[in-house]
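Next comes final20.cif, with mmCIF, C-alpha atoms and all ligand atoms.
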```
data_protein
#
loop_
_atom_site.label_atom_id
_atom_site.label_comp_id
_atom_site.auth_asym_id
_atom_site.auth_seq_id
_atom_site.Cartn_x
_atom_site.Cartn_y
_atom_site.Cartn_z
CA MET G 331 0.00 0.00 0.00
CA GLU G 332 2.63 2.49 1.08
CA SER G 333 4.84 1.92 -1.92
CA ASP G 334 1.83 2.16 -4.22
CA ASP G 335 1.12 5.60 -2.84
CA CYS G 336 4.56 6.68 -3.89
CA SER G 337 4.96 4.97 -7.21
CA GLN G 338 1.95 6.86 -8.52
CA CYS G 339 3.36 10.27 -7.71
CA PHE G 340 5.64 10.66 -10.65
CA SER G 341 3.84 8.55 -13.19
CA THR G 342 0.51 10.33 -12.89
CA GLY G 343 1.64 13.78 -11.91
CA GLN G 344 -0.91 13.50 -9.17
CA SER G 345 1.30 13.63 -6.19
CA ALA G 346 0.24 12.33 -2.82
CA GLN G 347 0.07 15.98 -1.77
CA GLU G 348 -2.63 16.62 -4.33
CA ARG G 349 -4.60 13.44 -3.90
CA GLY G 350 -6.03 14.31 -0.52
CA LEU G 351 -4.70 11.21 1.24
CA ALA G 352 -5.60 10.90 4.93
CA HIS G 353 -2.04 9.88 5.81
CA VAL G 354 1.49 10.70 4.75
CA PRO G 355 2.95 7.92 2.56
CA GLU G 356 6.20 6.47 3.85
CA CYS G 357 8.32 8.03 1.10
CA TYR G 358 7.41 11.48 2.43
CA GLU G 359 8.49 10.75 5.99
CA VAL G 360 11.67 12.49 7.06
CA PRO G 361 13.94 10.84 9.67
CA VAL G 362 12.75 11.41 13.25
CA SER G 363 15.67 13.75 14.09
CA GLU G 364 14.72 16.07 11.21
CA ARG G 365 11.02 16.34 11.92
CA PRO G 366 9.63 19.81 12.58
CA SER G 367 8.28 20.76 16.01
CA LEU G 368 5.79 23.13 14.36
CA ASN G 369 6.14 25.54 17.26
CA SER G 370 9.48 27.15 16.49
CA PRO G 371 9.91 30.62 18.01
CA GLU G 372 9.87 33.55 15.63
CA ALA G 373 13.19 34.76 14.25
CA GLN G 374 14.00 38.36 15.14
CA ILE G 375 15.03 39.07 11.56
CA PRO G 376 15.69 42.76 10.91
CA VAL G 377 13.10 44.60 8.85
CA VAL G 378 14.98 47.05 6.64
CA ASP G 379 13.09 50.07 5.33
CA LEU G 380 14.43 50.78 1.85
CA THR G 381 12.96 54.30 1.62
CA GLY G 382 15.67 56.54 0.21
CA LEU G 383 18.11 53.76 -0.77
CA GLN G 384 18.59 55.43 -4.16
CA LEU G 385 18.76 58.95 -2.77
CA GLY G 386 22.44 58.90 -1.98
CA PRO G 387 24.13 60.22 1.14
CA THR G 388 21.05 61.14 3.19
CA HIS G 389 19.63 57.68 3.79
CA ARG G 390 21.80 55.18 2.00
CA PRO G 391 24.66 54.73 4.49
CA ALA G 392 22.29 53.87 7.34
CA ILE G 393 20.36 51.38 5.17
CA VAL G 394 23.58 49.75 3.98
CA GLU G 395 24.75 49.49 7.60
CA SER G 396 21.49 47.75 8.66
CA ILE G 397 21.91 45.36 5.75
CA ARG G 398 25.49 44.63 6.81
CA GLN G 399 24.43 43.81 10.35
CA ALA G 400 21.53 41.63 9.16
CA CYS G 401 23.75 39.72 6.73
CA GLN G 402 26.31 39.04 9.43
CA ARG G 403 23.81 38.04 12.08
CA PHE G 404 21.21 36.08 10.11
CA GLY G 405 22.18 35.85 6.45
CA CYS G 406 18.77 37.27 5.66
CA PHE G 407 16.51 40.26 6.24
CA GLN G 408 13.04 41.45 5.36
CA VAL G 409 12.53 44.59 3.31
CA VAL G 410 9.64 47.07 3.34
CA ASN G 411 9.08 50.12 1.15
CA HIS G 412 10.89 48.15 -1.53
CA GLY G 413 8.97 49.88 -4.32
CA ILE G 414 6.86 46.94 -5.50
CA ASP G 415 3.19 47.71 -5.20
CA GLN G 416 1.05 45.45 -3.04
CA THR G 417 -1.30 44.77 -5.97
CA VAL G 418 1.65 43.43 -8.00
CA LEU G 419 2.52 41.07 -5.13
CA ASN G 420 -1.10 39.96 -4.71
CA LYS G 421 -1.60 39.36 -8.42
CA ALA G 422 1.56 37.24 -8.64
CA LEU G 423 0.46 35.12 -5.66
CA GLY G 424 -3.01 34.85 -7.21
CA ALA G 425 -1.63 33.74 -10.58
CA ALA G 426 0.52 31.09 -8.87
CA LYS G 427 -2.43 29.80 -6.87
CA GLU G 428 -4.60 29.53 -9.98
CA TYR G 429 -1.88 27.70 -11.85
CA PHE G 430 -1.68 25.01 -9.19
CA LEU G 431 -5.47 24.57 -9.30
CA LEU G 432 -5.35 23.58 -12.98
CA PRO G 433 -6.18 19.97 -13.84
CA ALA G 434 -3.21 17.61 -13.49
CA ASN G 435 -3.03 16.78 -17.22
CA GLU G 436 -2.45 20.42 -18.07
CA LYS G 437 0.42 20.77 -15.58
CA LEU G 438 1.88 17.45 -16.78
CA GLU G 439 2.84 19.10 -20.07
CA LEU G 440 5.60 20.94 -18.25
CA MET G 441 6.49 18.14 -15.86
CA SER G 442 10.13 17.12 -15.87
CA ASP G 443 12.85 15.96 -13.53
CA ASP G 444 15.54 17.43 -15.81
CA VAL G 445 16.92 20.29 -13.69
CA HIS G 446 18.43 21.92 -16.80
CA LYS G 447 15.03 22.70 -18.33
CA PRO G 448 14.28 26.46 -18.33
CA VAL G 449 10.61 25.83 -17.53
CA ARG G 450 9.46 22.88 -15.48
CA TYR G 451 6.72 21.68 -13.21
CA GLY G 452 7.29 19.07 -10.58
CA THR G 453 6.69 17.82 -7.09
CA SER G 454 9.22 17.45 -4.28
CA LEU G 455 12.78 18.22 -5.56
CA LYS G 456 13.29 15.55 -8.22
CA ASP G 457 10.07 13.60 -8.05
CA GLY G 458 10.27 9.88 -8.30
CA VAL G 459 14.08 10.05 -8.18
CA ASP G 460 15.17 11.17 -4.71
CA LYS G 461 14.85 8.81 -1.77
CA ILE G 462 12.68 11.07 0.37
CA GLN G 463 9.91 13.10 -1.26
CA PHE G 464 8.83 16.50 0.00
CA TRP G 465 5.34 17.93 0.40
CA ARG G 466 5.63 20.51 -2.33
CA VAL G 467 4.51 21.15 -5.88
CA PHE G 468 6.42 23.74 -7.90
CA LEU G 469 6.74 25.58 -11.17
CA LYS G 470 10.15 26.99 -12.07
CA HIS G 471 11.00 29.24 -14.95
CA TYR G 472 13.75 31.49 -16.17
CA ALA G 473 12.68 35.11 -16.19
CA ASN G 474 15.46 37.48 -17.31
CA PRO G 475 15.28 39.05 -19.80
CA LEU G 476 11.54 38.61 -19.54
CA ASN G 477 10.87 38.85 -23.29
CA ASP G 478 13.17 35.93 -24.00
CA TRP G 479 11.34 33.59 -21.65
CA VAL G 480 7.77 34.67 -21.05
CA GLN G 481 6.46 32.87 -24.14
CA CYS G 482 7.71 29.58 -22.65
CA TRP G 483 5.66 30.11 -19.49
CA PRO G 484 2.22 28.51 -19.00
CA GLU G 485 -0.57 29.98 -21.14
CA ASN G 486 -3.03 29.11 -18.41
CA PRO G 487 -4.36 30.67 -16.27
CA PRO G 488 -4.75 33.43 -18.88
CA THR G 489 -3.40 36.14 -16.56
CA TYR G 490 -0.34 34.12 -15.52
CA ARG G 491 2.20 35.64 -17.91
CA GLU G 492 1.05 39.20 -17.29
CA HIS G 493 0.82 39.00 -13.51
CA MET G 494 3.89 36.86 -12.88
CA GLY G 495 5.78 38.82 -15.54
CA ALA G 496 5.05 42.15 -13.85
CA TYR G 497 6.28 40.82 -10.53
CA SER G 498 9.34 39.17 -12.09
CA SER G 499 10.61 42.31 -13.77
CA GLU G 500 10.06 44.43 -10.67
CA VAL G 501 11.75 41.93 -8.39
CA GLN G 502 14.65 41.68 -10.85
CA LYS G 503 15.22 45.43 -10.51
CA LEU G 504 15.02 45.14 -6.74
CA GLY G 505 17.53 42.27 -6.83
CA VAL G 506 20.00 44.45 -8.73
CA GLU G 507 19.53 47.32 -6.23
CA LEU G 508 19.96 45.04 -3.24
CA THR G 509 23.04 43.38 -4.69
CA GLY G 510 24.58 46.85 -4.98
CA ALA G 511 23.74 47.64 -1.36
CA ILE G 512 25.14 44.31 -0.19
CA THR G 513 28.45 44.63 -2.04
CA GLU G 514 28.67 48.19 -0.73
CA SER G 515 28.19 46.80 2.78
CA LEU G 516 31.19 44.55 2.11
CA GLY G 517 33.29 47.59 1.18
CA LEU G 518 33.32 46.62 -2.51
CA GLY G 519 31.14 49.46 -3.76
CA PRO G 520 27.64 49.27 -5.28
CA LYS G 521 28.75 48.26 -8.80
CA TYR G 522 30.88 45.27 -7.90
CA VAL G 523 28.56 42.67 -9.47
CA SER G 524 25.25 44.46 -9.93
CA ASP G 525 25.67 44.87 -13.70
CA LYS G 526 26.36 41.16 -14.02
CA ILE G 527 23.28 40.41 -11.90
CA GLU G 528 21.25 42.71 -14.12
CA GLN G 529 22.37 40.71 -17.18
CA GLY G 530 22.42 37.44 -15.29
CA MET G 531 20.07 34.58 -14.50
CA GLN G 532 16.79 35.06 -12.72
CA VAL G 533 14.87 31.91 -11.87
CA ILE G 534 11.36 32.28 -10.52
CA THR G 535 10.15 29.31 -8.48
CA THR G 536 6.55 29.27 -7.37
CA ASN G 537 6.04 26.82 -4.55
CA CYS G 538 2.74 25.33 -3.48
CA TYR G 539 2.48 23.42 -0.20
CA PRO G 540 -0.91 21.71 -0.03
CA PRO G 541 -2.45 20.93 3.35
CA CYS G 542 -0.87 17.84 4.87
CA PRO G 543 -2.74 15.33 7.04
CA GLN G 544 0.32 14.70 9.28
CA PRO G 545 2.52 17.81 9.07
CA ARG G 546 4.87 16.63 11.83
CA LEU G 547 6.11 13.71 9.74
CA THR G 548 7.27 15.58 6.69
CA LEU G 549 8.66 18.82 5.27
CA GLY G 550 7.75 21.00 2.32
CA LEU G 551 11.42 21.53 1.56
CA PRO G 552 14.41 19.99 3.35
CA PRO G 553 17.09 22.16 5.01
CA HIS G 554 19.14 23.83 2.29
CA SER G 555 20.83 27.07 1.36
CA ASP G 556 20.11 28.65 -2.01
CA TYR G 557 22.83 28.43 -4.70
CA SER G 558 22.00 31.99 -5.81
CA CYS G 559 23.72 35.23 -5.04
CA LEU G 560 20.50 36.51 -3.65
CA THR G 561 17.01 35.10 -3.24
CA ILE G 562 13.98 37.32 -2.78
CA LEU G 563 11.01 35.47 -1.33
CA LEU G 564 7.37 36.48 -1.32
CA GLN G 565 5.30 34.28 0.96
CA GLY G 566 1.52 34.20 1.07
CA SER G 567 1.54 32.86 4.63
CA PRO G 568 4.18 31.73 7.17
CA GLY G 569 5.87 28.33 6.96
CA LEU G 570 9.49 29.18 6.25
CA GLU G 571 12.03 28.45 8.99
CA ILE G 572 15.66 29.56 9.14
CA MET G 573 18.45 27.90 11.06
CA ASP G 574 19.79 30.37 13.61
CA MET G 575 23.52 29.64 13.69
CA GLN G 576 24.08 32.06 16.56
CA ASP G 577 21.50 30.25 18.67
CA GLY G 578 22.86 26.74 18.50
CA GLY G 579 21.48 26.07 15.02
CA SER G 580 17.88 26.13 16.28
CA TRP G 581 14.96 26.55 13.87
CA LYS G 582 13.14 29.87 13.88
CA LEU G 583 9.95 30.76 12.02
CA VAL G 584 10.15 33.72 9.66
CA PRO G 585 7.34 36.00 10.86
CA ASN G 586 4.80 37.51 8.55
CA VAL G 587 5.36 41.24 7.99
CA ASP G 588 2.68 42.72 5.74
CA GLY G 589 3.95 43.78 2.34
CA SER G 590 7.50 42.68 3.07
CA LEU G 591 9.85 40.55 1.00
CA LEU G 592 12.48 38.29 2.51
CA VAL G 593 16.04 38.57 1.18
CA HIS G 594 18.32 35.55 1.53
CA ILE G 595 22.07 35.53 1.15
CA GLY G 596 22.78 32.62 -1.19
CA ASP G 597 25.85 30.41 -1.63
CA HIS G 598 27.34 32.62 -4.33
CA LEU G 599 27.28 35.67 -2.06
CA GLU G 600 28.96 33.67 0.66
CA VAL G 601 31.64 32.84 -1.90
CA LEU G 602 31.94 36.45 -3.11
CA SER G 603 32.28 37.66 0.50
CA ASN G 604 34.92 34.98 1.11
CA GLY G 605 32.81 33.75 4.03
CA LEU G 606 32.11 37.09 5.74
CA TYR G 607 28.43 36.54 5.03
CA LYS G 608 26.96 33.05 5.32
CA SER G 609 24.19 31.74 3.11
CA VAL G 610 21.19 31.09 5.33
CA VAL G 611 20.02 27.50 5.83
CA HIS G 612 16.24 27.25 5.66
CA ARG G 613 13.40 24.76 5.26
CA ALA G 614 9.66 24.87 4.65
CA VAL G 615 7.24 23.28 7.09
CA VAL G 616 3.67 22.38 6.15
CA ASN G 617 0.34 22.55 7.95
CA SER G 618 -2.93 20.63 7.95
CA GLN G 619 -5.18 23.63 7.36
CA LYS G 620 -4.43 25.53 4.23
CA THR G 621 -2.38 25.64 1.07
CA ARG G 622 0.68 27.86 1.33
CA ILE G 623 2.07 29.63 -1.73
CA SER G 624 5.49 31.24 -1.99
CA ILE G 625 7.39 32.78 -4.89
CA ALA G 626 11.17 32.70 -4.78
CA SER G 627 13.24 34.77 -7.20
CA PHE G 628 16.83 33.55 -7.50
CA HIS G 629 19.34 36.06 -8.83
CA SER G 630 22.75 35.02 -10.04
CA LEU G 631 25.43 35.67 -12.64
CA GLY G 632 25.18 34.29 -16.19
CA LEU G 633 24.76 30.54 -16.62
CA ASP G 634 28.47 29.91 -17.16
CA GLU G 635 29.94 32.87 -15.31
CA LYS G 636 32.02 31.75 -12.31
CA MET G 637 31.57 33.44 -8.96
CA GLU G 638 34.89 33.80 -7.13
CA PRO G 639 35.74 35.38 -3.76
CA ALA G 640 36.40 39.13 -4.20
CA PHE G 641 40.17 39.57 -4.27
CA GLN G 642 39.82 42.59 -1.96
CA LEU G 643 38.52 40.23 0.73
CA VAL G 644 41.31 37.70 0.35
CA ASN G 645 44.44 38.33 2.43
CA GLU G 646 46.89 36.64 4.76
CA ASN G 647 44.36 36.44 7.58
CA HIS G 648 41.56 35.44 5.25
CA PRO G 649 42.92 33.12 2.59
CA LYS G 650 40.73 32.28 -0.36
CA ALA G 651 38.15 29.94 1.12
CA TYR G 652 36.08 28.90 -1.91
CA LYS G 653 36.56 27.70 -5.46
CA GLY G 654 34.87 29.53 -8.31
CA SER G 655 31.62 28.04 -9.63
CA SER G 656 28.77 28.89 -11.97
CA PHE G 657 25.02 28.36 -11.96
CA ARG G 658 25.52 25.52 -14.45
CA ASP G 659 27.93 23.88 -12.00
CA PHE G 660 25.15 24.00 -9.43
CA LEU G 661 22.64 22.44 -11.84
CA ASN G 662 25.06 19.62 -12.58
CA PHE G 663 25.52 19.08 -8.86
CA LEU G 664 21.75 19.05 -8.26
CA SER G 665 21.20 16.63 -11.07
CA ALA G 666 23.80 14.20 -9.70
CA ASN G 667 22.97 14.42 -5.98
CA ASP G 668 20.03 13.83 -3.67
CA ILE G 669 20.19 16.95 -1.52
CA GLY G 670 17.13 15.89 0.48
CA GLN G 671 19.30 13.33 2.27
CA GLY G 672 20.90 16.15 4.24
CA ASN G 673 24.45 14.82 4.01
CA ILE G 674 25.61 16.79 1.01
CA CYS G 675 25.34 20.40 -0.08
CA PHE G 676 26.67 22.41 -3.00
CA LEU G 677 28.52 24.95 -0.85
CA ASP G 678 30.58 22.22 0.84
CA THR G 679 31.89 21.15 -2.55
CA LEU G 680 33.24 24.70 -3.05
CA LYS G 681 35.06 25.05 0.26
CA ILE G 682 38.85 25.02 0.18
CA GLU G 683 40.25 23.23 3.22
C1 LIG D 701 13.16 27.74 -2.15
C2 LIG D 701 12.71 27.98 -0.78
C3 LIG D 701 11.00 28.57 0.77
C4 LIG D 701 9.54 28.71 0.86
O1 LIG D 701 12.31 27.72 -3.07
O2 LIG D 701 14.39 27.58 -2.31
O3 LIG D 701 13.51 27.90 0.11
O4 LIG D 701 9.09 29.23 1.88
N1 LIG D 701 11.43 28.28 -0.56
O5 LIG D 701 8.85 28.30 -0.06
NI NI D 702 15.51 28.02 -0.64
#
```
Would you write the structure of this file as structure tokens?
Ligand code: OGA
Ligand code: NI
Amino acid sequence: MESDDCSQCFSTGQSAQERGLAHVPECYEVPVSERPSLNSPEAQIPVVDLTGLQLGPTHRPAIVESIRQACQRFGCFQVVNHGIDQTVLNKALGAAKEYFLLPANEKLELMSDDVHKPVRYGTSLKDGVDKIQFWRVFLKHYANPLNDWVQCWPENPPTYREHMGAYSSEVQKLGVELTGAITESLGLGPKYVSDKIEQGMQVITTNCYPPCPQPRLTLGLPPHSDYSCLTILLQGSPGLEIMDMQDGGSWKLVPNVDGSLLVHIGDHLEVLSNGLYKSVVHRAVVNSQKTRISIASFHSLGLDEKMEPAFQLVNENHPKAYKGSSFRDFLNFLSANDIGQGNICFLDTLKIE
């Protein structure tokens, strides 16, 4: 019975998550030590007000300083007054929600476990391939420049391209701005990589976490850090937890702040900073009540452009701590490894002993 539940996931595109099972099939159970308590305390993540970031010397230095402190303490921060209108956020979340409500056969057209595909639908991480499956359904697509990719996005729901496209291009601009502020906070100036980010890869991942009958047994996403330089996350409701390295590695829930976006330091920023900033480890927990939607925008350099530690941050006391790597290197790693097992991560493969 249990194995039947799982074998159907990939072949039908109707994952256990979507079939309304009254129990969690065995292949979705995470080891006991990794199960969520579902009552993690809230993380005291700084909320950075971006008003005046572009206005130069009046406000910028204080904002950059708050970002520096947040990156050092948590590897993430929330932003408000980021310039993206609430209706744009709501419409993007609405478009994502409608997409996931489409009949399975329609979503199956984009279903693939090939991580190199620029547009793909799937469940878990690599459905039907990894040992443990996660309680998530997702749609991923490249998004920059928008005109090159938008015609590959789903045609249904009819507003999807317009609403997700509007959000994608705004969040891309924000990503470029924030990258400038972050490199400035590292003493590298605002232009250190922001032009490359502007020309670089943007991957939009919309995540859907359906209600789960036994949310303590499973996870929506396993603990991981993002490969990106920067991830900007829009969440429709709470469910994201970060690992607080300065509090014994305990899990903390990211609180809901109306209209905010969460900014994650990714692996490639850790590399660029030569370890001064750490990419934040996070996971998604699920609940039995309602579907949770989130939209993650991953910003990085071009597909084959290698991110290296900034030479200004490499010296006798801080020798070069990471090898260079590209987004394609990450995809190859993801394709070859089962990251849900928790014993291997991309960043570790970059560290120089
Ligand atoms: C991700 C991710 C978190 C969330 O897509 O990499 O970490 O809350 N998402 O959906
Ligand atoms: Ni992530």
Students should find that atom CA of G:Thr621 and atom CA of G:Val362 are spaced 24.1 Å
Surrounding residues as an MDAnalysis selection string, ligand NI 702 (chain D), max 9 Å, all atoms listed in the file: chainID G and resid 551 553:557 561 563 594 596 610:614 626 628
So that I can see what lies close to G:Ser609, please list as a VMD selection string the residues with an atom at most 9 Å from it, counting only C-alpha atoms and leaving out residues fewer than 3 positions away in the same chain.
chain G and resid 401 404 to 406 555 to 557 559 594 to 600 605 677
Find the nearest atom pair between each residue of stretch 437-476 of chain G and stretch 482-501 of chain G for residues within 12 Å, count all atoms listed in the file, give distances in Å to one decimal, sort rows by chain and ascending number, and present the table as CSV.
```
residue,atom,partner,partner_atom,distance
G:Lys437,CA,G:Pro484,CA,8.7
G:Leu438,CA,G:Pro484,CA,11.3
G:Glu439,CA,G:Pro484,CA,9.5
G:Leu440,CA,G:Pro484,CA,8.3
G:Met441,CA,G:Pro484,CA,11.6
G:Lys447,CA,G:Cys482,CA,10.9
G:Pro448,CA,G:Cys482,CA,8.5
G:Val449,CA,G:Trp483,CA,6.8
G:Arg450,CA,G:Trp483,CA,9.1
G:Tyr451,CA,G:Pro484,CA,10.0
G:Leu469,CA,G:Pro484,CA,9.5
G:Lys470,CA,G:Trp483,CA,9.2
G:His471,CA,G:Trp483,CA,7.1
G:Tyr472,CA,G:Trp483,CA,8.9
G:Ala473,CA,G:Ser498,CA,6.7
G:Asn474,CA,G:Ser499,CA,7.7
G:Pro475,CA,G:Ser499,CA,8.3
G:Leu476,CA,G:Ser499,CA,6.9
```
Note to self: Under the rule that only C-alpha atoms and all ligand atoms are counted, which of G:Arg658, G:Arg466, G:Lys526, G:Lys653 is the nearest residue to ligand LIG 701 (chain D)?
What the structure shows: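 Checking each of G:Arg658, G:Arg466, G:Lys526, G:Lys653 against ligand LIG 701 (chain D), counting only C-alpha atoms and all ligand atoms, the winner is G:Arg466.
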List the neighbours of G:Phe641 out to 9 Å using only C-alpha atoms; skip same-chain residues closer than 2 positions along the sequence, and give me the result as a PyMOL selection string.
chain G and resi 602+604+638-639+643-645+650
Residue with the minimum atom-to-atom distance to G:Glu395, picked from G:Thr513, G:Thr536, G:Gln576, G:Gln642 with all atoms listed in the file counted, is G:Thr513
Exercise for review: Enter the distance from atom CA of G:Lys608 to atom CA of G:Val593, in Å, rounded to one decimal.
Suggested key: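 One can read the atom CA of G:Lys608 to atom CA of G:Val593 distance as 12.9 Å.
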| Which one is closest to G:Ala651: G:Ser590, G:Gln565, G:Gln408, G:Thr679? Count all atoms listed in the file. |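 Ranked by minimum distance to G:Ala651, first place goes to G:Thr679.
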- Item | Selected residue of minimal separation from ligand LIG 701 (chain D) among G:Ser665, G:Gln619, G:Gln529, G:Asn586, counting all atoms listed in the file |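 Of G:Ser665, G:Gln619, G:Gln529, G:Asn586, the one nearest ligand LIG 701 (chain D), counting all atoms listed in the file, is G:Asn586.
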Min atom-atom distance to G:Glu528 from the set G:Leu564, G:Leu549, G:Leu631, G:Val480, counting only C-alpha atoms, belongs to G:Leu631
Using all atoms listed in the file, the residue out of G:Val601, G:Leu560, G:Met575, G:Ala666 with shortest distance to ligand LIG 701 (chain D) is G:Leu560
*For G:Lys503, work out the shell of residues within 10 Å, counting all atoms listed in the file and skipping chain neighbours fewer than 6 positions away, then give it as a PyMOL selection string.*
chain G and resi 413-414+509+527-528
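A straight line drawn from atom CA of G:Gly505 to atom CA of G:Val445 is 23.0 Å long.
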>> Could you list, as a count of residues only, every residue within 6 Å of G:Lys582, counting only C-alpha atoms and ignoring same-chain residues fewer than 2 positions away?
In response: 6
Nearby residues (only C-alpha atoms) at most 7 Å from G:Phe407, same-chain spacing under 6 positions excluded, as a list in words: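 So, after excluding close chain neighbours, the residues are Ile375, Pro376, Val377, Val378, Ala400, Leu592, Val593 and His594 of chain G.
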